[in-house]
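Novice: Structure file final_5.cif, mmCIF, C-alpha atoms and all ligand atoms, is pasted below:
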data_query
#
loop_
_atom_site.label_atom_id
_atom_site.label_comp_id
_atom_site.auth_asym_id
_atom_site.auth_seq_id
_atom_site.Cartn_x
_atom_site.Cartn_y
_atom_site.Cartn_z
CA MET A 24 -11.06 41.64 -35.82
CA THR A 25 -12.39 45.10 -36.44
CA ALA A 26 -15.72 45.77 -38.04
CA ARG A 27 -15.77 47.50 -41.38
CA VAL A 28 -18.23 48.76 -43.98
CA ASP A 29 -18.37 47.22 -47.46
CA HIS A 30 -20.34 48.66 -50.35
CA ALA A 31 -21.67 47.97 -53.81
CA VAL A 32 -24.14 49.60 -56.17
CA SER A 33 -27.03 47.64 -57.65
CA SER A 34 -29.24 48.84 -60.51
CA GLY A 35 -32.93 48.25 -61.11
CA THR A 36 -36.28 50.02 -60.83
CA PHE A 37 -38.42 51.77 -58.24
CA SER A 38 -42.22 51.77 -58.65
CA LEU A 39 -44.86 53.64 -56.66
CA ASP A 40 -48.09 55.45 -57.50
CA GLY A 41 -48.17 53.87 -60.97
CA GLU A 42 -44.79 55.22 -62.05
CA THR A 43 -41.57 53.30 -62.56
CA HIS A 44 -38.08 54.82 -62.49
CA GLU A 45 -34.59 53.45 -63.11
CA VAL A 46 -32.53 53.63 -59.91
CA ASP A 47 -29.08 52.78 -58.56
CA ASN A 48 -29.20 51.59 -54.97
CA ASN A 49 -26.35 51.36 -52.49
CA ILE A 50 -25.83 48.02 -50.76
CA TRP A 51 -24.14 48.40 -47.37
CA VAL A 52 -22.66 45.47 -45.48
CA VAL A 53 -21.34 45.96 -41.92
CA GLY A 54 -19.29 43.32 -40.15
CA ASP A 55 -15.91 41.64 -39.76
CA ASP A 56 -14.37 38.67 -41.59
CA THR A 57 -16.77 36.15 -40.08
CA GLU A 58 -20.19 37.79 -39.80
CA CYS A 59 -22.11 40.72 -41.22
CA VAL A 60 -25.41 42.56 -41.45
CA VAL A 61 -26.82 43.51 -44.86
CA ILE A 62 -28.53 46.90 -45.04
CA ASP A 63 -31.24 46.84 -47.73
CA ALA A 64 -31.88 44.20 -50.37
CA PRO A 65 -32.48 46.09 -53.61
CA HIS A 66 -32.42 44.37 -56.98
CA SER A 67 -30.14 41.36 -57.13
CA VAL A 68 -29.20 38.65 -54.65
CA SER A 69 -25.91 37.99 -56.45
CA ASP A 70 -24.89 41.68 -56.17
CA ILE A 71 -25.40 41.38 -52.40
CA LEU A 72 -23.67 38.01 -52.04
CA ALA A 73 -20.64 39.41 -53.89
CA VAL A 74 -20.17 41.87 -51.01
CA VAL A 75 -21.03 39.35 -48.28
CA GLY A 76 -18.59 36.71 -49.54
CA ASP A 77 -18.45 33.63 -47.31
CA ARG A 78 -19.42 35.48 -44.13
CA LYS A 79 -22.43 34.54 -42.03
CA VAL A 80 -25.27 37.04 -42.47
CA LYS A 81 -26.81 37.82 -39.05
CA ALA A 82 -29.67 39.98 -40.36
CA ILE A 83 -31.11 41.68 -43.42
CA VAL A 84 -32.04 45.14 -42.17
CA CYS A 85 -34.40 47.19 -44.34
CA THR A 86 -34.20 50.98 -43.98
CA HIS A 87 -37.78 51.15 -45.34
CA ALA A 88 -40.07 49.08 -47.53
CA HIS A 89 -40.00 50.83 -50.91
CA ASP A 90 -39.62 48.09 -53.50
CA ASP A 91 -36.09 49.17 -54.48
CA HIS A 92 -34.95 48.46 -50.90
CA VAL A 93 -36.77 45.18 -50.16
CA ARG A 94 -37.38 43.48 -53.51
CA VAL A 95 -34.93 40.59 -53.05
CA ALA A 96 -35.09 40.43 -49.24
CA PRO A 97 -37.09 37.17 -49.19
CA ALA A 98 -34.86 35.61 -51.87
CA LEU A 99 -31.75 36.66 -49.96
CA ARG A 100 -33.23 35.21 -46.76
CA GLU A 101 -33.58 31.87 -48.57
CA GLU A 102 -29.90 31.95 -49.52
CA VAL A 103 -28.33 33.07 -46.26
CA VAL A 104 -30.93 32.03 -43.65
CA ALA A 105 -31.09 35.29 -41.69
CA PRO A 106 -34.03 37.28 -40.35
CA ILE A 107 -35.42 40.24 -42.29
CA MET A 108 -35.84 43.26 -39.99
CA LEU A 109 -38.25 46.11 -40.78
CA HIS A 110 -40.10 48.80 -38.86
CA PRO A 111 -43.76 47.70 -38.74
CA ASP A 112 -45.02 51.16 -39.73
CA ASP A 113 -43.92 50.24 -43.28
CA LYS A 114 -46.28 47.26 -43.50
CA VAL A 115 -48.43 49.05 -46.09
CA LEU A 116 -45.42 49.60 -48.36
CA TRP A 117 -44.04 46.08 -47.81
CA GLU A 118 -47.37 44.62 -48.91
CA LEU A 119 -47.24 46.55 -52.18
CA THR A 120 -44.18 44.45 -53.07
CA HIS A 121 -44.47 41.21 -51.11
CA THR A 122 -47.85 39.58 -50.62
CA ASP A 123 -46.54 36.04 -50.06
CA TYR A 124 -43.84 36.81 -47.50
CA LEU A 125 -43.52 38.82 -44.30
CA TRP A 126 -40.45 40.12 -42.53
CA ASP A 127 -39.27 38.34 -39.36
CA LEU A 128 -38.37 40.91 -36.71
CA ASP A 129 -39.75 44.37 -36.00
CA LEU A 130 -37.34 47.28 -35.76
CA ALA A 131 -38.04 50.01 -33.21
CA ASP A 132 -36.32 53.22 -32.17
CA GLY A 133 -33.52 52.40 -29.73
CA VAL A 134 -33.09 48.76 -30.75
CA THR A 135 -29.44 47.77 -31.13
CA ILE A 136 -27.97 45.19 -33.49
CA GLU A 137 -24.58 43.68 -32.62
CA VAL A 138 -22.31 42.49 -35.42
CA GLY A 139 -18.59 41.88 -35.76
CA GLY A 140 -17.82 43.50 -32.42
CA THR A 141 -19.67 46.70 -33.24
CA THR A 142 -23.17 48.06 -32.67
CA LEU A 143 -25.83 49.49 -34.95
CA GLN A 144 -28.38 51.70 -33.21
CA VAL A 145 -31.82 51.96 -34.80
CA LEU A 146 -33.18 55.50 -35.18
CA HIS A 147 -36.83 55.68 -36.28
CA THR A 148 -36.92 58.57 -38.77
CA PRO A 149 -40.39 58.68 -40.38
CA GLY A 150 -41.08 61.01 -43.29
CA HIS A 151 -39.82 59.45 -46.52
CA ALA A 152 -41.75 56.41 -45.36
CA PRO A 153 -43.69 55.90 -42.10
CA GLY A 154 -41.36 53.12 -40.98
CA ALA A 155 -38.11 54.61 -42.28
CA VAL A 156 -35.12 53.99 -40.02
CA CYS A 157 -31.48 55.02 -39.93
CA LEU A 158 -28.72 52.87 -38.44
CA TYR A 159 -26.06 54.66 -36.43
CA ALA A 160 -22.71 52.95 -35.92
CA PRO A 161 -20.95 55.04 -33.24
CA ASP A 162 -17.73 52.95 -33.27
CA LEU A 163 -17.44 53.38 -37.02
CA GLY A 164 -18.40 57.07 -37.01
CA CYS A 165 -21.09 56.61 -39.62
CA VAL A 166 -24.84 56.43 -40.07
CA PHE A 167 -26.79 54.57 -42.75
CA THR A 168 -29.69 56.80 -43.71
CA GLY A 169 -31.53 54.89 -46.43
CA ASP A 170 -33.67 57.47 -48.24
CA THR A 171 -34.10 59.79 -45.23
CA LEU A 172 -31.00 61.95 -45.83
CA PHE A 173 -28.92 62.26 -49.00
CA GLN A 174 -25.97 64.35 -50.05
CA GLY A 175 -27.85 67.61 -50.72
CA GLY A 176 -30.80 67.20 -48.39
CA PRO A 177 -33.79 65.15 -47.27
CA GLY A 178 -35.17 62.22 -49.27
CA ALA A 179 -38.17 62.59 -51.56
CA THR A 180 -41.58 63.15 -49.99
CA GLY A 181 -43.74 63.72 -53.07
CA ARG A 182 -45.28 60.26 -53.22
CA SER A 183 -47.84 58.35 -51.17
CA TYR A 184 -47.11 57.64 -47.49
CA SER A 185 -44.45 60.40 -47.35
CA ASP A 186 -44.53 63.59 -45.25
CA SER A 187 -42.20 66.53 -45.89
CA ASP A 188 -42.62 68.22 -42.49
CA LEU A 189 -42.10 64.94 -40.70
CA ILE A 190 -38.89 64.04 -42.56
CA LYS A 191 -37.33 67.40 -41.59
CA GLU A 192 -38.43 66.90 -37.99
CA SER A 193 -36.87 63.41 -37.99
CA ILE A 194 -33.63 64.67 -39.50
CA ARG A 195 -33.34 67.53 -37.01
CA ALA A 196 -34.28 65.47 -33.96
CA LYS A 197 -32.45 62.21 -34.68
CA LEU A 198 -29.72 62.78 -37.28
CA PHE A 199 -28.55 66.29 -36.43
CA ALA A 200 -28.09 65.09 -32.85
CA LEU A 201 -25.17 62.98 -34.09
CA PRO A 202 -21.60 64.36 -34.21
CA ASP A 203 -20.98 66.70 -37.18
CA ASP A 204 -18.18 64.51 -38.55
CA THR A 205 -20.42 61.43 -38.75
CA VAL A 206 -20.18 60.02 -42.27
CA VAL A 207 -23.59 59.55 -43.90
CA HIS A 208 -23.91 56.43 -46.07
CA THR A 209 -27.05 56.97 -48.14
CA GLY A 210 -29.49 54.69 -49.93
CA HIS A 211 -28.67 56.24 -53.31
CA GLY A 212 -25.66 58.25 -54.44
CA ASP A 213 -22.64 59.64 -52.65
CA ASP A 214 -21.71 59.90 -48.99
CA THR A 215 -21.99 63.14 -47.07
CA THR A 216 -21.58 64.18 -43.42
CA ILE A 217 -24.02 65.30 -40.75
CA GLY A 218 -22.23 68.64 -40.49
CA ALA A 219 -22.45 69.34 -44.24
CA GLU A 220 -26.16 68.57 -44.35
CA LYS A 221 -26.86 70.55 -41.17
CA ALA A 222 -25.34 73.61 -42.83
CA ALA A 223 -27.46 73.06 -45.96
CA LEU A 224 -30.92 72.36 -44.50
CA ASP A 225 -33.06 75.47 -44.01
ZN ZN B 301 -37.44 55.06 -50.78
#
I need this file expressed as structure tokens, please.

Specialist:
Amino acid sequence: MTARVDHAVSSGTFSLDGETHEVDNNIWVVGDDTECVVIDAPHSVSDILAVVGDRKVKAIVCTHAHDDHVRVAPALREEVVAPIMLHPDDKVLWELTHTDYLWDLDLADGVTIEVGGTTLQVLHTPGHAPGAVCLYAPDLGCVFTGDTLFQGGPGATGRSYSDSDLIKESIRAKLFALPDDTVVHTGHGDDTTIGAEKAALD
């Protein structure tokens, strides 16, 4: 059975620094017919379970801990009994959303996650958030960038705990090292490619 990527969009809100915005988040699910990994747990457990179906969830991987990416992670964990994985540098952001629950496993640069006969490689890409990570799937020719890289450029760095120089450094060092035809599956909005974004970033 070959691994594949499934996708849905979930709508809700993002709050930080006393402001709240309406947002549409991408839900990405990587796996085969029997098992999968869920990338980000935005607004609704049922939106996520609709993509998962009856497959076993091996892990809930959070690209970073902004509330629109982790809000239902503990509730999803209850449903599917899988560990929540997060880079520990995002503890401060996690605790803005979840004071009663912690995540289960720390992500780190170079960690690999096996699912459905394929591999996700963790790339630590701080900047949008201190513990922001991307997940590279070499067999599938794609990378899941969360809010680090979008179609049209780097993720936002205007709010607390973000750093605009650092996000560009992360993108150049970690993401632009990937093949140009790598498809970029983002945390919000449309796909792009590494090559297209490399050409656009000054
Ligand atoms: Zn974010």

Novice: Check which residues of chain A sit at most 7 Å from ligand ZN 301 (chain B) using all atoms listed in the file, and return one row each with the closest pair of atoms and their distance in Å to one decimal, ordered by chain and rising number, as CSV.

Specialist:
residue,atom,partner,partner_atom,distance
A:His87,CA,B:ZN301,ZN,6.7
A:His89,CA,B:ZN301,ZN,4.9
A:His151,CA,B:ZN301,ZN,6.6
A:Asp170,CA,B:ZN301,ZN,5.1

Novice: When distances are computed from all atoms listed in the file, which of A:Ala152, A:Ala73, A:Cys59, A:Met108 shows the smallest separation from Val32 in chain A?

Specialist: A:Ala73

Novice: Neighbours of range 130-146 of chain A within 12 Å (only C-alpha atoms; same-chain residues fewer than 5 positions away dropped), as an NGL selection string?

Specialist: :A and (24-28 or 52-62 or 78-87 or 106-114 or 154-169 or 171 or 193-194 or 196-201)

Novice: Given the point (-37.7, 49.2, -51.8) in the coordinates of this file, which residues lie within 9 Å, counting all atoms listed in the file, and how would they look as a short mmCIF file (atom, residue, chain, number, x, y, z; two decimals) with C-alpha atoms, in the coordinates of the input?

Specialist:
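The result, stored in out.cif:
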data_model
loop_
_atom_site.label_atom_id
_atom_site.label_comp_id
_atom_site.auth_asym_id
_atom_site.auth_seq_id
_atom_site.Cartn_x
_atom_site.Cartn_y
_atom_site.Cartn_z
CA PHE A 37 -38.42 51.77 -58.24
CA SER A 38 -42.22 51.77 -58.65
CA ASP A 63 -31.24 46.84 -47.73
CA ALA A 64 -31.88 44.20 -50.37
CA PRO A 65 -32.48 46.09 -53.61
CA HIS A 66 -32.42 44.37 -56.98
CA CYS A 85 -34.40 47.19 -44.34
CA THR A 86 -34.20 50.98 -43.98
CA HIS A 87 -37.78 51.15 -45.34
CA ALA A 88 -40.07 49.08 -47.53
CA HIS A 89 -40.00 50.83 -50.91
CA ASP A 90 -39.62 48.09 -53.50
CA ASP A 91 -36.09 49.17 -54.48
CA HIS A 92 -34.95 48.46 -50.90
CA VAL A 93 -36.77 45.18 -50.16
CA ARG A 94 -37.38 43.48 -53.51
CA LEU A 116 -45.42 49.60 -48.36
CA TRP A 117 -44.04 46.08 -47.81
CA THR A 120 -44.18 44.45 -53.07
#

Novice: Take every atom of range 173-186 of chain A listed in the file, fit an axis-aligned box around them, add 5 Å per side, and give the centre and edge lengths in Å to one decimal as AutoDock Vina command-line options.

Specialist:
--center_x -36.9 --center_y 62.6 --center_z -49.2 --size_x 31.9 --size_y 20.0 --size_z 18.0

Novice: Would you list the contacts of Pro177 in chain A as a count of residues only, taking every protein, DNA or RNA residue within 12 Å and counting all atoms listed in the file, but skipping same-chain residues closer than 4 positions in sequence?

Specialist: 34

Novice: Using Å and a single decimal, report how far CA of Pro153 in chain A sits from CA of His44 in chain A.

Specialist: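 Separation of CA of His44 in chain A and CA of Pro153 in chain A: 21.2 Å.
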
Novice: What's the separation between CA of Val103 in chain A and CA of Val115 in chain A, in Å to one decimal place?

Specialist: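 Computing the Euclidean distance for CA of Val103 in chain A and CA of Val115 in chain A yields 25.7 Å.
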
Novice: Enter the distance from CA of Tyr124 in chain A to CA of Glu102 in chain A, in Å, rounded to one decimal.

Specialist: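 One can read the CA of Tyr124 in chain A to CA of Glu102 in chain A distance as 14.9 Å.
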
Novice: Calculated over all atoms listed in the file, which of the candidates A:Asp203, A:Asp129, A:Asp70, A:Asp77 has the smallest distance to Val95 in chain A?

Specialist: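 Of all the options, A:Asp70 lies closest to Val95 in chain A.
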
Novice: From the options A:Leu119, A:Ile50, A:Ala219, A:Leu72, which residue's atoms come nearest to Ser183 in chain A, counting only C-alpha atoms?

Specialist: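 Nearest to Ser183 in chain A: A:Leu119.
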
Novice: Hey, which of A:Gly178, A:Pro202, A:Pro97, A:Gly35 ends up closest to Asp47 in chain A? Count only C-alpha atoms.

Specialist: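 Checking each candidate against Asp47 in chain A, we get A:Gly35 as the closest.
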